[in-house]
Amino acid sequence: MASESKERVELLQGTLDLIVLRALHTMGPQHAYGLAARLEQIAQPSLTLNQGTLYPALVRLEQKGWIKGTWQAGVRGLEKQTERWRRLAGLVDKLLLNEG
């Protein structure tokens with residue numbers, strides 16, 4: 001019974017991997033959230049994906065070398081941009097106050 005359960009999980013993972021590969025081949029590079037939304041839209045109501053389903057599939061595919069993921073700066077990138085903006089705004093304020 002345990003081996004049947006393991007085989008079923010492997011089958012489901014393999015099927016999801018193929019679906020993801022096909023979608024990426026068709027749609028080109030995608031954010032994981034956008035990919036999940038599109039797959040659910042196409043396969044509704046048969047397929048529902050969540051982060052616990054899709055992200056492990058993406059990691060598996062990347063580990064096999066079949067896809068290449070890129071990570072963009074999240075909160076840290078936003079914090080850096082915010083700090084740059086504050087410095088720029090401070091300089092603009094100084095210029096405006098000195099000319100006024």
# chains A, B, ... in the order shown; residues from 1 in each chain; ligands from 1

call {"tool": "select_by_dssp", "arguments": {"residues": "chain A", "states": "helix (DSSP H, G or I)", "output": "PyMOL selection string"}}
result
chain A and resi 2-27+32-43+51-63+75-99

call {"tool": "residues_around", "arguments": {"residues": "Leu49 of chain A", "least_positions_apart": "6", "cutoff": "9 Å", "atoms": "only C-alpha atoms", "output": "PyMOL selection string"}}
result
chain A and resi 36-37+39-40

call {"tool": "closest_residue", "arguments": {"among": "A:Val59, A:Leu47, A:Ala89, A:Ile67", "to": "Thr15 of chain A", "atoms": "only C-alpha atoms"}}
result
A:Leu47

call {"tool": "closest_residue", "arguments": {"among": "A:Ala43, A:Leu61, A:Ile19, A:Leu54", "to": "His31 of chain A", "atoms": "only C-alpha atoms"}}
result
A:Leu54
